[in-house]
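**Q** So that you have it, the file is start-v5.cif, and it contains mmCIF, C-alpha atoms and all ligand atoms:
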data_run
loop_
_atom_site.label_atom_id
_atom_site.label_comp_id
_atom_site.auth_asym_id
_atom_site.auth_seq_id
_atom_site.Cartn_x
_atom_site.Cartn_y
_atom_site.Cartn_z
CA MET A 270 162.88 -193.03 21.82
CA GLY A 271 159.91 -195.06 23.11
CA ASN A 272 159.54 -196.10 26.74
CA VAL A 273 158.20 -199.26 28.32
CA HIS A 274 155.64 -198.74 31.11
CA VAL A 275 154.64 -201.69 33.28
CA PHE A 276 151.55 -200.98 35.39
CA ASP A 277 151.60 -201.86 39.04
CA HIS A 278 148.15 -200.53 39.95
CA PRO A 279 146.53 -202.89 42.50
CA LEU A 280 143.18 -202.96 40.67
CA ILE A 281 144.86 -203.98 37.44
CA GLN A 282 146.94 -206.67 39.17
CA HIS A 283 143.89 -207.99 41.05
CA LYS A 284 141.79 -208.28 37.91
CA LEU A 285 144.69 -209.79 36.00
CA SER A 286 144.94 -212.61 38.56
CA TYR A 287 141.37 -213.66 37.63
CA ILE A 288 142.05 -213.21 33.92
CA ARG A 289 145.02 -215.59 34.20
CA ASP A 290 143.09 -218.16 36.27
CA SER A 291 142.06 -221.15 34.11
CA ARG A 292 138.80 -221.47 36.11
CA THR A 293 137.58 -218.07 34.89
CA GLY A 294 134.88 -218.65 32.26
CA THR A 295 134.34 -216.77 28.99
CA LYS A 296 131.79 -214.24 30.26
CA GLU A 297 133.83 -213.19 33.26
CA PHE A 298 137.08 -213.25 31.26
CA ARG A 299 135.59 -210.89 28.67
CA GLU A 300 134.27 -208.51 31.32
CA LEU A 301 137.59 -208.42 33.14
CA VAL A 302 139.59 -207.80 29.96
CA ASP A 303 137.25 -204.91 29.17
CA GLU A 304 137.70 -203.48 32.66
CA VAL A 305 141.48 -203.73 32.55
CA GLY A 306 141.45 -202.17 29.06
CA MET A 307 139.58 -199.22 30.51
CA LEU A 308 141.89 -198.84 33.50
CA MET A 309 144.96 -199.04 31.27
CA ALA A 310 143.55 -196.50 28.81
CA TYR A 311 143.25 -194.06 31.73
CA GLU A 312 147.03 -194.21 32.21
CA VAL A 313 147.96 -194.52 28.54
CA THR A 314 146.21 -191.21 27.85
CA ARG A 315 147.73 -189.39 30.85
CA ASP A 316 149.87 -187.05 28.72
CA LEU A 317 147.20 -185.92 26.24
CA GLU A 318 147.35 -182.19 25.57
CA LEU A 319 144.89 -179.83 27.22
CA GLN A 320 143.90 -176.28 26.41
CA GLU A 321 142.38 -173.67 28.65
CA VAL A 322 138.82 -172.65 27.85
CA GLU A 323 136.47 -170.11 29.43
CA ILE A 324 133.18 -171.50 30.66
CA ASN A 325 130.24 -170.26 32.67
CA THR A 326 129.38 -172.33 35.71
CA PRO A 327 125.92 -171.68 37.21
CA VAL A 328 127.56 -169.15 39.53
CA THR A 329 130.49 -167.53 37.72
CA LYS A 330 132.88 -167.43 34.79
CA ALA A 331 135.76 -169.88 35.11
CA LYS A 332 138.77 -171.16 33.28
CA ALA A 333 138.75 -174.91 32.69
CA LYS A 334 140.72 -177.43 30.66
CA ARG A 335 139.62 -179.50 27.70
CA LEU A 336 141.42 -181.95 25.47
CA SER A 337 143.12 -180.31 22.52
CA GLY A 338 145.81 -181.59 20.21
CA LYS A 339 145.52 -184.74 18.21
CA LYS A 340 142.38 -186.83 18.18
CA LEU A 341 142.60 -190.46 19.18
CA ALA A 342 142.25 -193.67 17.23
CA PHE A 343 142.33 -197.13 18.76
CA VAL A 344 143.47 -199.96 16.56
CA PRO A 345 142.79 -203.47 17.88
CA ILE A 346 144.76 -206.24 16.23
CA LEU A 347 142.22 -208.89 15.18
CA ARG A 348 140.93 -210.83 16.74
CA ALA A 349 141.97 -210.73 20.40
CA GLY A 350 142.46 -206.94 20.40
CA LEU A 351 138.68 -206.60 19.98
CA GLY A 352 138.32 -207.84 23.55
CA MET A 353 139.90 -204.66 24.95
CA THR A 354 138.17 -202.18 22.65
CA GLN A 355 134.80 -201.65 24.34
CA GLY A 356 136.39 -200.93 27.72
CA ILE A 357 138.58 -198.29 26.14
CA LEU A 358 135.65 -196.76 24.27
CA ASN A 359 133.72 -196.48 27.53
CA LEU A 360 136.44 -194.08 28.62
CA VAL A 361 136.99 -192.27 25.30
CA PRO A 362 133.68 -192.62 23.45
CA ALA A 363 134.58 -190.16 20.68
CA ALA A 364 137.71 -192.05 19.62
CA ARG A 365 137.75 -193.64 16.18
CA VAL A 366 138.52 -197.33 15.77
CA GLY A 367 140.65 -198.88 13.05
CA HIS A 368 141.23 -202.59 12.55
CA VAL A 369 144.28 -204.58 11.51
CA GLY A 370 143.89 -208.29 10.80
CA LEU A 371 146.93 -210.54 10.82
CA TYR A 372 147.35 -214.28 10.69
CA ARG A 373 150.37 -216.29 11.62
CA ASP A 374 151.94 -218.12 8.66
CA PRO A 375 152.14 -221.74 9.90
CA GLU A 376 155.54 -222.27 8.25
CA THR A 377 157.46 -219.07 8.89
CA LEU A 378 155.45 -218.21 12.07
CA GLU A 379 155.56 -214.61 10.82
CA ALA A 380 152.48 -212.34 10.98
CA VAL A 381 150.86 -211.67 7.58
CA GLU A 382 148.38 -208.81 6.99
CA TYR A 383 144.94 -209.79 5.64
CA PHE A 384 142.71 -206.84 6.59
CA VAL A 385 143.33 -203.16 7.30
CA LYS A 386 140.62 -200.52 7.71
CA LEU A 387 141.60 -197.23 9.32
CA PRO A 388 140.09 -193.78 9.91
CA GLN A 389 140.80 -191.62 6.83
CA ASP A 390 142.80 -189.05 8.76
CA ILE A 391 144.98 -191.66 10.47
CA GLU A 392 148.16 -189.65 9.85
CA GLU A 393 146.86 -186.85 12.10
CA ARG A 394 145.69 -189.03 14.97
CA GLU A 395 147.32 -190.25 18.15
CA ILE A 396 147.05 -194.00 17.72
CA ILE A 397 146.86 -196.66 20.38
CA VAL A 398 147.38 -200.17 19.03
CA VAL A 399 145.75 -202.79 21.24
CA ASP A 400 146.43 -206.50 21.60
CA PRO A 401 146.12 -208.46 24.86
CA MET A 402 149.34 -210.45 24.31
CA LEU A 403 152.80 -209.32 23.19
CA ALA A 404 154.47 -212.69 22.65
CA THR A 405 157.07 -212.91 19.84
CA GLY A 406 156.30 -209.31 18.88
CA SER A 407 155.69 -210.14 15.23
CA SER A 408 151.96 -209.21 15.19
CA ALA A 409 152.61 -205.89 16.92
CA ILE A 410 155.56 -205.11 14.62
CA GLU A 411 153.59 -206.01 11.49
CA ALA A 412 150.49 -204.08 12.64
CA ILE A 413 152.61 -200.99 13.28
CA ASN A 414 154.33 -201.45 9.89
CA SER A 415 150.86 -201.50 8.31
CA LEU A 416 149.93 -198.27 10.09
CA LYS A 417 153.16 -196.48 9.26
CA LYS A 418 152.85 -197.53 5.60
CA ARG A 419 149.54 -195.65 5.61
CA GLY A 420 150.98 -192.51 7.13
CA ALA A 421 150.51 -193.04 10.86
CA LYS A 422 153.11 -191.17 12.90
CA HIS A 423 152.12 -191.08 16.56
CA ILE A 424 151.70 -194.61 17.82
CA ARG A 425 151.50 -196.23 21.27
CA PHE A 426 151.05 -199.93 21.94
CA MET A 427 149.14 -201.41 24.87
CA CYS A 428 148.74 -205.02 25.95
CA LEU A 429 147.80 -207.01 29.03
CA ILE A 430 150.72 -209.41 29.18
CA ALA A 431 154.10 -209.29 27.46
CA ALA A 432 157.08 -211.60 27.20
CA PRO A 433 160.53 -209.99 27.40
CA GLU A 434 161.31 -211.38 23.91
CA GLY A 435 158.36 -209.52 22.40
CA VAL A 436 159.13 -206.27 24.18
CA ASN A 437 162.73 -206.34 22.94
CA LYS A 438 161.75 -207.15 19.36
CA LEU A 439 159.10 -204.41 19.30
CA LYS A 440 161.52 -201.86 20.75
CA GLU A 441 164.12 -202.80 18.14
CA ALA A 442 161.67 -202.55 15.24
CA HIS A 443 159.82 -199.40 16.35
CA ASP A 444 161.84 -197.44 18.87
CA ASP A 445 159.50 -194.43 18.56
CA VAL A 446 156.57 -196.37 20.06
CA ASN A 447 155.74 -196.19 23.78
CA ILE A 448 154.76 -199.62 25.11
CA PHE A 449 152.23 -200.04 27.96
CA ILE A 450 151.97 -203.41 29.70
CA ALA A 451 149.86 -204.63 32.62
CA ALA A 452 152.31 -207.46 33.42
CA LEU A 453 155.73 -208.43 32.12
CA ASP A 454 155.95 -212.24 32.29
CA GLU A 455 158.87 -214.65 32.36
CA LYS A 456 159.35 -216.02 28.86
CA LEU A 457 157.89 -217.77 25.81
CA ASP A 458 157.48 -221.54 25.57
CA ASP A 459 158.36 -223.58 22.45
CA ASN A 460 154.95 -222.81 20.92
CA ALA A 461 155.37 -219.07 21.51
CA TYR A 462 152.86 -219.03 24.39
CA ILE A 463 153.65 -216.63 27.20
CA ILE A 464 154.66 -218.28 30.50
CA PRO A 465 152.81 -218.04 32.86
CA GLY A 466 150.46 -215.96 30.64
CA LEU A 467 146.76 -216.70 30.31
CA GLY A 468 146.61 -219.22 27.46
CA ASP A 469 145.17 -218.22 24.10
CA ALA A 470 143.55 -214.81 24.57
CA GLY A 471 141.33 -215.12 21.47
CA ASP A 472 140.01 -218.55 22.46
CA ARG A 473 139.33 -217.42 26.01
CA LEU A 474 137.59 -214.22 24.89
CA PHE A 475 135.42 -215.81 22.27
CA GLY A 476 135.00 -219.31 23.74
CA THR A 477 136.42 -221.02 20.69
CA LYS A 478 138.16 -223.82 22.57
N1 LIG B 1 148.88 -215.25 21.99
C1 LIG B 1 148.07 -215.67 22.99
O1 LIG B 1 146.85 -215.56 22.89
N2 LIG B 1 148.63 -216.21 24.09
C2 LIG B 1 149.97 -216.32 24.24
O2 LIG B 1 150.41 -216.80 25.27
C3 LIG B 1 150.80 -215.88 23.18
C4 LIG B 1 150.23 -215.35 22.07
#
For this file, produce the structure as structure tokens.
**A**
Amino acid sequence: MGNVHVFDHPLIQHKLSYIRDSRTGTKEFRELVDEVGMLMAYEVTRDLELQEVEINTPVTKAKAKRLSGKKLAFVPILRAGLGMTQGILNLVPAARVGHVGLYRDPETLEAVEYFVKLPQDIEEREIIVVDPMLATGSSAIEAINSLKKRGAKHIRFMCLIAAPEGVNKLKEAHDDVNIFIAALDEKLDDNAYIIPGLGDAGDRLFGTK
């Protein structure tokens, strides 16, 4: 059964206040999203397995701990998920990166897959799906469906801001997935924007509006 973790770390909340602010320009927005991605990844990876190894320090033999267990893969959902990827890779540079591209069908409003490229050994990896916004939940659900169809088994989902509607839908569809959120907002508006949210994450990251 997956859990929902909402971060209350002061640094994350501080940076998020600038990310939400409509006066924050593209350059600063992008830098802040990267930074929050990195801070979140620190917590999201807290339970990774370690193994004891013997090393030689300059003065003596010692036992130390190194990561063991499954290797990581980050999977940003295109395109806004790209905005969090570099920050995460700063923290875990050896991780592999897969991509899932989805567009929203203008009539059904459902997410439709148009691009999937994953590490070959995806079924053996611990996967962290990344998207700044969890709004209706349909992109996250569809992205995770795409991954599971290709054999992925160990999946976490991380986002900056979520609406309760999206969290509930994602939990219903994939109750094995742990969900990590920097802020749980109030609701969705009629156009499926998160309130208060930050506007369109893709447009703000890439300056397309
Ligand atoms: N996607 C966004 O970029 N913003 C929202 O508020 C909802 C979905």
**Q** Would you list the contacts of Asp458 (chain A) as a ChimeraX atom specification, taking every protein, DNA or RNA residue within 12 Å and counting all atoms listed in the file, but skipping same-chain residues closer than 4 positions in sequence?
**A** /A:404-405,432,434,454,462-466,468
**Q** So how far away is CA of Ile281 (chain A) from CA of Leu308 (chain A), in Å?
**A**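 Result for CA of Leu308 (chain A) versus CA of Ile281 (chain A): 7.1 Å, one decimal.
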**Q** Nearest to His278 (chain A): which of A:Leu341, A:Met309, A:Leu387, A:Val302 is it, counting only C-alpha atoms?
**A**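 Of the candidates, the smallest distance to His278 (chain A) is held by A:Met309.
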**Q** Compare A:Leu457, A:Ile410, A:Ala363, A:Ile396 by their minimum atom-to-atom distance to ligand LIG 1 (chain B), counting all atoms listed in the file, and give me the closest one.
**A**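 Going through A:Leu457, A:Ile410, A:Ala363, A:Ile396 one by one, the smallest distance to ligand LIG 1 (chain B) is for A:Leu457.
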**Q** Would you work out the distance separating CA of Phe426 (chain A) from CA of Val399 (chain A), expressed in Å to one decimal?
**A**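 Distance between the two atoms: 6.1 Å.
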**Q** Provide region 323-334 of chain A rebuilt to all heavy atoms, formatted as a PDB file, keeping the file's coordinate frame.
**A**
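Ended up saving to part.pdb:
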ATOM      1  N   GLU A 323     137.295-170.878  28.481  1.00  0.00           N
ATOM      2  CA  GLU A 323     136.470-170.110  29.430  1.00  0.00           C
ATOM      3  C   GLU A 323     135.084-170.703  29.418  1.00  0.00           C
ATOM      4  O   GLU A 323     134.520-170.937  28.344  1.00  0.00           O
ATOM      5  CB  GLU A 323     136.393-168.658  28.964  1.00  0.00           C
ATOM      6  CG  GLU A 323     137.615-167.871  29.306  1.00  0.00           C
ATOM      7  CD  GLU A 323     137.249-166.570  30.004  1.00  0.00           C
ATOM      8  OE1 GLU A 323     136.098-166.134  29.928  1.00  0.00           O
ATOM      9  OE2 GLU A 323     138.159-165.999  30.631  1.00  0.00           O
ATOM     10  N   ILE A 324     134.536-170.967  30.581  1.00  0.00           N
ATOM     11  CA  ILE A 324     133.180-171.500  30.660  1.00  0.00           C
ATOM     12  C   ILE A 324     132.381-170.681  31.674  1.00  0.00           C
ATOM     13  O   ILE A 324     132.947-169.908  32.440  1.00  0.00           O
ATOM     14  CB  ILE A 324     133.184-172.987  31.097  1.00  0.00           C
ATOM     15  CG1 ILE A 324     133.920-173.151  32.429  1.00  0.00           C
ATOM     16  CG2 ILE A 324     133.794-173.881  30.032  1.00  0.00           C
ATOM     17  CD1 ILE A 324     133.579-174.391  33.159  1.00  0.00           C
ATOM     18  N   ASN A 325     131.085-170.861  31.641  1.00  0.00           N
ATOM     19  CA  ASN A 325     130.240-170.260  32.670  1.00  0.00           C
ATOM     20  C   ASN A 325     129.691-171.383  33.529  1.00  0.00           C
ATOM     21  O   ASN A 325     128.988-172.262  33.025  1.00  0.00           O
ATOM     22  CB  ASN A 325     129.064-169.516  32.038  1.00  0.00           C
ATOM     23  CG  ASN A 325     129.557-168.314  31.274  1.00  0.00           C
ATOM     24  OD1 ASN A 325     130.231-167.442  31.828  1.00  0.00           O
ATOM     25  ND2 ASN A 325     129.246-168.273  29.995  1.00  0.00           N
ATOM     26  N   THR A 326     130.043-171.392  34.799  1.00  0.00           N
ATOM     27  CA  THR A 326     129.380-172.330  35.710  1.00  0.00           C
ATOM     28  C   THR A 326     128.042-171.684  36.091  1.00  0.00           C
ATOM     29  O   THR A 326     127.813-170.520  35.756  1.00  0.00           O
ATOM     30  CB  THR A 326     130.223-172.581  36.982  1.00  0.00           C
ATOM     31  OG1 THR A 326     130.087-171.447  37.841  1.00  0.00           O
ATOM     32  CG2 THR A 326     131.690-172.828  36.659  1.00  0.00           C
ATOM     33  N   PRO A 327     127.166-172.340  36.803  1.00  0.00           N
ATOM     34  CA  PRO A 327     125.920-171.680  37.210  1.00  0.00           C
ATOM     35  C   PRO A 327     126.162-170.442  38.070  1.00  0.00           C
ATOM     36  O   PRO A 327     125.281-169.583  38.188  1.00  0.00           O
ATOM     37  CB  PRO A 327     125.180-172.769  37.991  1.00  0.00           C
ATOM     38  CG  PRO A 327     125.700-174.048  37.407  1.00  0.00           C
ATOM     39  CD  PRO A 327     127.142-173.790  37.090  1.00  0.00           C
ATOM     40  N   VAL A 328     127.360-170.299  38.641  1.00  0.00           N
ATOM     41  CA  VAL A 328     127.560-169.150  39.530  1.00  0.00           C
ATOM     42  C   VAL A 328     128.579-168.119  39.032  1.00  0.00           C
ATOM     43  O   VAL A 328     128.550-166.966  39.460  1.00  0.00           O
ATOM     44  CB  VAL A 328     127.963-169.605  40.953  1.00  0.00           C
ATOM     45  CG1 VAL A 328     126.763-170.106  41.709  1.00  0.00           C
ATOM     46  CG2 VAL A 328     129.073-170.635  40.929  1.00  0.00           C
ATOM     47  N   THR A 329     129.463-168.498  38.143  1.00  0.00           N
ATOM     48  CA  THR A 329     130.490-167.530  37.720  1.00  0.00           C
ATOM     49  C   THR A 329     131.173-167.975  36.430  1.00  0.00           C
ATOM     50  O   THR A 329     130.992-169.113  35.975  1.00  0.00           O
ATOM     51  CB  THR A 329     131.550-167.355  38.829  1.00  0.00           C
ATOM     52  OG1 THR A 329     132.471-166.343  38.451  1.00  0.00           O
ATOM     53  CG2 THR A 329     132.317-168.639  39.075  1.00  0.00           C
ATOM     54  N   LYS A 330     131.982-167.062  35.893  1.00  0.00           N
ATOM     55  CA  LYS A 330     132.880-167.430  34.790  1.00  0.00           C
ATOM     56  C   LYS A 330     134.047-168.200  35.374  1.00  0.00           C
ATOM     57  O   LYS A 330     134.471-167.921  36.493  1.00  0.00           O
ATOM     58  CB  LYS A 330     133.462-166.164  34.158  1.00  0.00           C
ATOM     59  CG  LYS A 330     132.682-165.597  33.020  1.00  0.00           C
ATOM     60  CD  LYS A 330     133.508-164.480  32.406  1.00  0.00           C
ATOM     61  CE  LYS A 330     132.717-163.618  31.444  1.00  0.00           C
ATOM     62  NZ  LYS A 330     132.024-164.323  30.399  1.00  0.00           N
ATOM     63  N   ALA A 331     134.598-169.146  34.600  1.00  0.00           N
ATOM     64  CA  ALA A 331     135.760-169.880  35.110  1.00  0.00           C
ATOM     65  C   ALA A 331     136.621-170.329  33.946  1.00  0.00           C
ATOM     66  O   ALA A 331     136.150-170.456  32.815  1.00  0.00           O
ATOM     67  CB  ALA A 331     135.296-171.104  35.906  1.00  0.00           C
ATOM     68  N   LYS A 332     137.894-170.538  34.263  1.00  0.00           N
ATOM     69  CA  LYS A 332     138.770-171.160  33.280  1.00  0.00           C
ATOM     70  C   LYS A 332     138.781-172.655  33.567  1.00  0.00           C
ATOM     71  O   LYS A 332     138.832-173.063  34.726  1.00  0.00           O
ATOM     72  CB  LYS A 332     140.185-170.596  33.416  1.00  0.00           C
ATOM     73  CG  LYS A 332     140.289-169.143  32.954  1.00  0.00           C
ATOM     74  CD  LYS A 332     141.743-168.759  32.852  1.00  0.00           C
ATOM     75  CE  LYS A 332     142.007-167.278  32.714  1.00  0.00           C
ATOM     76  NZ  LYS A 332     141.113-166.499  31.910  1.00  0.00           N
ATOM     77  N   ALA A 333     138.727-173.449  32.506  1.00  0.00           N
ATOM     78  CA  ALA A 333     138.750-174.910  32.690  1.00  0.00           C
ATOM     79  C   ALA A 333     139.603-175.510  31.581  1.00  0.00           C
ATOM     80  O   ALA A 333     140.048-174.783  30.683  1.00  0.00           O
ATOM     81  CB  ALA A 333     137.317-175.440  32.625  1.00  0.00           C
ATOM     82  N   LYS A 334     139.849-176.802  31.661  1.00  0.00           N
ATOM     83  CA  LYS A 334     140.720-177.430  30.660  1.00  0.00           C
ATOM     84  C   LYS A 334     139.973-178.481  29.871  1.00  0.00           C
ATOM     85  O   LYS A 334     139.196-179.257  30.440  1.00  0.00           O
ATOM     86  CB  LYS A 334     141.929-178.054  31.357  1.00  0.00           C
ATOM     87  CG  LYS A 334     142.851-176.984  31.838  1.00  0.00           C
ATOM     88  CD  LYS A 334     144.111-177.499  32.417  1.00  0.00           C
ATOM     89  CE  LYS A 334     145.000-176.302  32.767  1.00  0.00           C
ATOM     90  NZ  LYS A 334     146.070-176.650  33.650  1.00  0.00           N
TER      91      LYS A 334
END
